[in-house]
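Asks: Contents of final.cif (mmCIF, C-alpha atoms):
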```
data_input
#
loop_
_atom_site.label_atom_id
_atom_site.label_comp_id
_atom_site.auth_asym_id
_atom_site.auth_seq_id
_atom_site.Cartn_x
_atom_site.Cartn_y
_atom_site.Cartn_z
CA MET A 1 -18.06 10.06 -52.38
CA ASP A 2 -18.53 10.24 -48.65
CA ASN A 3 -17.23 12.64 -46.01
CA TYR A 4 -17.36 11.99 -42.30
CA GLU A 5 -15.97 13.56 -39.15
CA ASP A 6 -13.41 11.95 -36.82
CA ASP A 7 -14.24 13.37 -33.38
CA ARG A 8 -10.94 12.24 -31.85
CA ALA A 9 -8.70 14.15 -34.25
CA GLN A 10 -11.25 16.87 -35.11
CA ASP A 11 -10.02 16.67 -38.70
CA GLN A 12 -12.23 15.95 -41.64
CA ILE A 13 -11.48 12.56 -43.15
CA ARG A 14 -12.38 11.97 -46.74
CA GLU A 15 -13.21 8.57 -48.09
CA PHE A 16 -13.91 8.12 -51.78
CA GLU A 17 -15.94 5.24 -53.17
CA ILE A 18 -17.26 4.33 -56.60
CA TYR A 19 -20.47 2.37 -57.01
CA ASP A 20 -20.26 -0.44 -59.60
CA LEU A 21 -23.64 -1.11 -61.19
CA ASP A 22 -22.58 -4.53 -62.55
CA SER A 23 -21.48 -5.94 -59.19
CA ASP A 24 -23.97 -3.90 -57.10
CA SER A 25 -21.15 -2.95 -54.73
CA TRP A 26 -18.99 -0.04 -53.60
CA LYS A 27 -15.27 0.13 -54.33
CA VAL A 28 -13.01 2.24 -52.10
CA VAL A 29 -10.70 4.50 -54.10
CA ASP A 30 -7.48 4.95 -52.15
CA LEU A 31 -6.82 8.53 -53.27
CA THR A 32 -6.91 11.82 -51.45
CA PRO A 33 -6.63 15.06 -53.42
CA GLU A 34 -4.23 17.58 -51.93
CA CYS A 35 -6.90 20.23 -51.61
CA GLU A 36 -10.10 21.03 -49.77
CA VAL A 37 -13.56 20.65 -51.29
CA GLU A 38 -16.05 22.34 -48.98
CA PHE A 39 -19.27 20.45 -48.23
CA ASN A 40 -21.39 23.22 -49.77
CA HIS A 41 -19.55 23.13 -53.12
CA ARG A 42 -21.44 20.60 -55.19
CA GLY A 43 -19.71 18.70 -57.95
CA LEU A 44 -20.77 18.67 -61.58
CA SER A 45 -20.65 15.65 -63.87
CA LEU A 46 -19.73 16.40 -67.45
CA LYS A 47 -18.56 14.05 -70.21
CA GLY A 48 -18.19 11.17 -67.74
CA ASN A 49 -16.05 13.09 -65.24
CA THR A 50 -16.92 15.01 -62.08
CA TYR A 51 -15.55 18.50 -61.37
CA TRP A 52 -15.44 20.38 -58.06
CA PHE A 53 -14.43 23.86 -56.99
CA ALA A 54 -11.55 23.39 -54.55
CA GLN A 55 -9.04 25.44 -52.55
CA GLU A 56 -5.68 24.74 -51.02
CA LYS A 57 -5.64 25.29 -47.28
CA ILE A 58 -2.49 26.35 -45.47
CA ALA A 59 -2.30 26.10 -41.68
CA LEU A 60 -1.23 29.36 -40.04
CA GLY A 61 -0.18 27.65 -36.83
CA PRO A 62 -1.69 26.49 -33.52
CA GLY A 63 -4.82 28.45 -32.68
CA ARG A 64 -4.51 30.67 -35.76
CA GLY A 65 -6.74 28.70 -38.15
CA MET A 66 -6.35 28.32 -41.89
CA SER A 67 -5.50 30.71 -44.70
CA ASP A 68 -7.54 30.55 -47.89
CA MET A 69 -5.65 30.29 -51.15
CA ALA A 70 -6.88 30.88 -54.68
CA GLY A 71 -9.54 28.50 -55.91
CA PHE A 72 -9.27 26.05 -58.78
CA LEU A 73 -11.13 23.08 -60.26
CA ILE A 74 -10.32 19.46 -59.52
CA CYS A 75 -11.58 16.63 -61.72
CA PHE A 76 -12.16 12.98 -60.94
CA ASP A 77 -11.64 10.84 -64.04
CA PHE A 78 -13.82 7.74 -63.64
CA THR A 79 -12.05 5.91 -66.48
CA ARG A 80 -8.65 6.15 -64.79
CA GLU A 81 -10.13 6.26 -61.25
CA ARG A 82 -7.92 9.16 -60.23
CA PHE A 83 -7.93 12.90 -59.71
CA GLY A 84 -6.48 15.09 -62.43
CA PRO A 85 -4.28 18.15 -61.97
CA ARG A 86 -5.56 21.47 -60.69
CA LEU A 87 -7.44 23.33 -63.39
CA PRO A 88 -7.30 27.15 -63.35
CA LEU A 89 -10.33 29.38 -63.01
CA PRO A 90 -10.65 32.64 -65.00
CA PHE A 91 -10.82 34.68 -61.76
CA HIS A 92 -9.28 34.83 -58.28
CA SER A 93 -11.58 33.74 -55.48
CA SER A 94 -11.21 33.75 -51.73
CA ASN A 95 -13.11 32.69 -48.63
CA GLY A 96 -16.75 33.76 -48.69
CA ASP A 97 -17.02 34.13 -52.46
CA ASN A 98 -19.80 32.24 -54.21
CA VAL A 99 -18.58 29.86 -56.95
CA THR A 100 -21.12 27.62 -58.70
CA LEU A 101 -20.56 25.11 -61.49
CA SER A 102 -23.04 24.38 -64.23
CA SER A 103 -23.00 22.91 -67.73
CA VAL A 104 -24.02 24.13 -71.17
CA ARG A 105 -25.71 21.47 -73.34
CA ASP A 106 -23.74 18.80 -71.44
CA GLU A 107 -20.66 19.82 -73.46
CA GLN A 108 -19.17 22.88 -71.79
CA LEU A 109 -18.52 23.93 -68.22
CA ALA A 110 -19.99 27.19 -66.95
CA VAL A 111 -18.77 28.83 -63.77
CA LEU A 112 -20.72 31.54 -61.94
CA PHE A 113 -18.75 33.84 -59.64
CA GLN A 114 -19.98 36.36 -57.08
CA SER A 115 -17.37 38.03 -54.91
CA TYR A 116 -18.27 38.24 -51.21
CA GLY A 117 -20.48 41.29 -50.60
CA ALA A 118 -20.69 42.21 -54.30
CA SER A 119 -23.96 42.56 -56.17
CA SER A 120 -22.63 41.49 -59.58
CA VAL A 121 -22.56 37.90 -60.82
CA LYS A 122 -20.08 36.98 -63.57
CA ILE A 123 -20.34 33.91 -65.79
CA TRP A 124 -17.60 32.23 -67.82
CA ILE A 125 -17.98 29.30 -70.22
CA SER A 126 -15.23 26.89 -71.18
CA SER A 127 -14.14 26.47 -74.78
CA LYS A 128 -12.35 23.21 -73.88
CA ILE A 129 -12.84 20.93 -70.87
CA GLU A 130 -11.00 17.68 -70.20
CA PRO A 131 -9.78 15.99 -67.01
CA ASN A 132 -6.30 17.50 -67.54
CA ALA A 133 -7.06 20.84 -69.22
CA VAL A 134 -9.54 23.69 -69.37
CA LEU A 135 -9.65 26.77 -71.60
CA TRP A 136 -11.97 29.67 -70.83
CA ARG A 137 -13.63 32.11 -73.22
CA LYS A 138 -13.66 35.78 -72.35
CA LEU A 139 -16.24 36.82 -69.78
CA PHE A 140 -19.58 35.56 -71.08
CA LEU A 141 -21.98 37.62 -68.99
CA ALA A 142 -21.99 39.99 -66.01
CA VAL A 143 -25.25 40.84 -64.26
CA ASP A 144 -25.69 43.49 -61.57
CA MET A 145 -28.17 41.86 -59.20
CA LYS A 146 -28.69 45.19 -57.42
CA LEU A 147 -30.90 46.26 -60.32
CA LEU A 148 -33.33 43.42 -59.62
CA PRO A 149 -36.20 44.14 -57.22
CA ASP A 150 -35.96 42.55 -53.75
CA PHE A 151 -32.30 41.59 -54.11
#
```
Can you present the structure in this file as structure tokens?
Replies:
Amino acid sequence: MDNYEDDRAQDQIREFEIYDLDSDSWKVVDLTPECEVEFNHRGLSLKGNTYWFAQEKIALGPGRGMSDMAGFLICFDFTRERFGPRLPLPFHSSNGDNVTLSSVRDEQLAVLFQSYGASSVKIWISSKIEPNAVLWRKLFLAVDMKLLPDF
């Protein structure tokens, strides 16, 4: 999936493509999710789908920028070639927080969360993950990074 910048409009334009191994060609997917996936938030492929951390952006008005809303997961289902609904996270995040996706044995989704300026990292693991649904276990692990030398 490619992102590129349109200098005339100064808006980020998203173009989504799927590579077909059989035909050795790219297919443009004419879909745009109604959310923002920041360039530094890497996706994670799990069970044939790709998940991203995303946020809704609301314009505050001319010259006032954007307001960050709560984060969520968005999934691209390669079988249906479409984005699924917003999937809730087990925490509230805002601009500047660190959210990282990982997997456990290629079966479960793990999400690591570090609030901006905080020294603790919290980890949750899903008990169910599908393109249209996610269930989270209670907090799996919390680590205070301040206790580690040179942090």
Asks: Could you give me, as a list in words, the residues within 9 Å of range 101-111 of chain A, counting only C-alpha atoms and dropping anything in the same chain fewer than 6 positions from it?
Replies: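 Neighbouring residues, sequence-local ones excluded: His41, Arg42, Gly43, Leu44, Ser45, Leu46, Lys47, Tyr51, Trp52, Phe53, Leu89, Lys122, Ile123, Trp124, Ile125, Ser126, Ser127, Lys128 and Ile129 of chain A.
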Asks: Within 7 Å of Cys75 in chain A, counting all atoms listed in the file, which residues qualify if same-chain residues fewer than 3 places away don't, as a ChimeraX atom specification?
Replies: /A:49-52,83-84,131
Asks: Could you save the residues just selected, with C-alpha atoms, as an mmCIF file, in the frame of the given file?
Replies:
```cif
data_model
loop_
_atom_site.group_PDB
_atom_site.id
_atom_site.type_symbol
_atom_site.label_atom_id
_atom_site.label_comp_id
_atom_site.auth_asym_id
_atom_site.auth_seq_id
_atom_site.Cartn_x
_atom_site.Cartn_y
_atom_site.Cartn_z
ATOM 1 C CA ASN A 49 -16.050 13.090 -65.240
ATOM 2 C CA THR A 50 -16.920 15.010 -62.080
ATOM 3 C CA TYR A 51 -15.550 18.500 -61.370
ATOM 4 C CA TRP A 52 -15.440 20.380 -58.060
ATOM 5 C CA PHE A 83 -7.930 12.900 -59.710
ATOM 6 C CA GLY A 84 -6.480 15.090 -62.430
ATOM 7 C CA PRO A 131 -9.780 15.990 -67.010
#
```
Asks: Compile a residue-level contact table for range 40-144 of chain A against range 26-29 of chain A at a cut-off of 12 Å, reporting for every qualifying residue the shortest atom pair and its distance in Å to one decimal, with only C-alpha atoms counted, rows ordered by chain and ascending number, as JSON lines.
Replies:
```
{"residue": "A:Phe76", "atom": "CA", "partner": "A:Val29", "partner_atom": "CA", "distance": 11.0}
{"residue": "A:Asp77", "atom": "CA", "partner": "A:Val29", "partner_atom": "CA", "distance": 11.8}
{"residue": "A:Phe78", "atom": "CA", "partner": "A:Val29", "partner_atom": "CA", "distance": 10.5}
{"residue": "A:Arg80", "atom": "CA", "partner": "A:Val29", "partner_atom": "CA", "distance": 11.0}
{"residue": "A:Glu81", "atom": "CA", "partner": "A:Val29", "partner_atom": "CA", "distance": 7.4}
{"residue": "A:Arg82", "atom": "CA", "partner": "A:Val29", "partner_atom": "CA", "distance": 8.2}
{"residue": "A:Phe83", "atom": "CA", "partner": "A:Val29", "partner_atom": "CA", "distance": 10.5}
```
Asks: For CA of Leu139 in chain A and CA of Leu73 in chain A, quote the distance in Å rounded to one decimal.
Replies: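 The value is 17.5 Å.
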Asks: Name all residues at most 10 Å from His92 in chain A (count all atoms listed in the file; drop same-chain ones fewer than 6 positions away) and give them as a PyMOL selection string.
Replies: chain A and resi 69-72+113+115
Asks: Have range 16-50 of chain A completed to N, CA and C atoms, please, and pass it along as a short mmCIF file (atom, residue, chain, number, x, y, z; two decimals), keeping the file's coordinate frame.
Replies:
```
data_model
loop_
_atom_site.label_atom_id
_atom_site.label_comp_id
_atom_site.auth_asym_id
_atom_site.auth_seq_id
_atom_site.Cartn_x
_atom_site.Cartn_y
_atom_site.Cartn_z
N PHE A 16 -13.33 8.09 -50.45
CA PHE A 16 -13.91 8.12 -51.78
C PHE A 16 -14.25 6.70 -52.22
N GLU A 17 -15.47 6.54 -52.71
CA GLU A 17 -15.94 5.24 -53.17
C GLU A 17 -16.64 5.40 -54.51
N ILE A 18 -16.57 4.36 -55.32
CA ILE A 18 -17.26 4.33 -56.60
C ILE A 18 -18.23 3.16 -56.56
N TYR A 19 -19.46 3.43 -56.97
CA TYR A 19 -20.47 2.37 -57.01
C TYR A 19 -20.41 1.68 -58.37
N ASP A 20 -20.30 0.36 -58.37
CA ASP A 20 -20.26 -0.44 -59.60
C ASP A 20 -21.63 -1.05 -59.82
N LEU A 21 -22.29 -0.62 -60.90
CA LEU A 21 -23.64 -1.11 -61.19
C LEU A 21 -23.66 -2.61 -61.50
N ASP A 22 -22.62 -3.11 -62.17
CA ASP A 22 -22.58 -4.53 -62.55
C ASP A 22 -22.50 -5.44 -61.32
N SER A 23 -21.65 -5.08 -60.36
CA SER A 23 -21.48 -5.94 -59.19
C SER A 23 -22.37 -5.53 -58.02
N ASP A 24 -23.10 -4.40 -58.16
CA ASP A 24 -23.97 -3.90 -57.10
C ASP A 24 -23.19 -3.73 -55.80
N SER A 25 -21.99 -3.12 -55.92
CA SER A 25 -21.15 -2.95 -54.73
C SER A 25 -20.35 -1.65 -54.84
N TRP A 26 -19.83 -1.24 -53.68
CA TRP A 26 -18.99 -0.04 -53.60
C TRP A 26 -17.53 -0.44 -53.61
N LYS A 27 -16.71 0.34 -54.28
CA LYS A 27 -15.27 0.13 -54.33
C LYS A 27 -14.59 1.36 -53.73
N VAL A 28 -13.74 1.14 -52.72
CA VAL A 28 -13.01 2.24 -52.10
C VAL A 28 -11.87 2.65 -53.03
N VAL A 29 -11.78 3.95 -53.29
CA VAL A 29 -10.70 4.50 -54.10
C VAL A 29 -9.69 5.09 -53.13
N ASP A 30 -8.50 4.54 -53.11
CA ASP A 30 -7.48 4.95 -52.15
C ASP A 30 -6.71 6.16 -52.67
N LEU A 31 -7.41 7.29 -52.80
CA LEU A 31 -6.82 8.53 -53.27
C LEU A 31 -7.34 9.67 -52.41
N THR A 32 -6.49 10.62 -52.14
CA THR A 32 -6.91 11.82 -51.45
C THR A 32 -6.33 13.01 -52.18
N PRO A 33 -7.17 13.89 -52.73
CA PRO A 33 -6.63 15.06 -53.42
C PRO A 33 -5.97 15.99 -52.41
N GLU A 34 -4.94 16.67 -52.83
CA GLU A 34 -4.23 17.58 -51.93
C GLU A 34 -4.87 18.96 -51.99
N CYS A 35 -6.14 18.99 -51.63
CA CYS A 35 -6.90 20.23 -51.61
C CYS A 35 -8.14 20.02 -50.76
N GLU A 36 -8.87 21.09 -50.56
CA GLU A 36 -10.10 21.03 -49.77
C GLU A 36 -11.29 21.30 -50.68
N VAL A 37 -12.28 20.44 -50.61
CA VAL A 37 -13.56 20.65 -51.29
C VAL A 37 -14.58 20.84 -50.18
N GLU A 38 -15.10 22.04 -50.04
CA GLU A 38 -16.05 22.34 -48.98
C GLU A 38 -17.36 21.58 -49.21
N PHE A 39 -18.04 21.23 -48.13
CA PHE A 39 -19.27 20.45 -48.23
C PHE A 39 -20.36 21.16 -49.03
N ASN A 40 -20.34 22.49 -49.06
CA ASN A 40 -21.39 23.22 -49.77
C ASN A 40 -21.06 23.46 -51.24
N HIS A 41 -19.91 23.01 -51.71
CA HIS A 41 -19.55 23.13 -53.12
C HIS A 41 -19.87 21.82 -53.81
N ARG A 42 -20.98 21.81 -54.51
CA ARG A 42 -21.44 20.60 -55.19
C ARG A 42 -20.63 20.34 -56.45
N GLY A 43 -20.42 19.07 -56.73
CA GLY A 43 -19.71 18.70 -57.95
C GLY A 43 -20.63 18.74 -59.16
N LEU A 44 -20.03 18.67 -60.33
CA LEU A 44 -20.77 18.67 -61.58
C LEU A 44 -20.21 17.58 -62.47
N SER A 45 -21.08 16.71 -62.95
CA SER A 45 -20.65 15.65 -63.87
C SER A 45 -20.81 16.14 -65.29
N LEU A 46 -19.75 15.95 -66.07
CA LEU A 46 -19.73 16.40 -67.45
C LEU A 46 -18.82 15.48 -68.25
N LYS A 47 -19.33 14.93 -69.32
CA LYS A 47 -18.56 14.05 -70.21
C LYS A 47 -17.94 12.87 -69.45
N GLY A 48 -18.66 12.34 -68.47
CA GLY A 48 -18.19 11.17 -67.74
C GLY A 48 -17.20 11.44 -66.63
N ASN A 49 -16.95 12.71 -66.32
CA ASN A 49 -16.05 13.09 -65.24
C ASN A 49 -16.80 14.00 -64.28
N THR A 50 -16.30 14.12 -63.05
CA THR A 50 -16.92 15.01 -62.08
C THR A 50 -15.92 16.08 -61.69
#
```
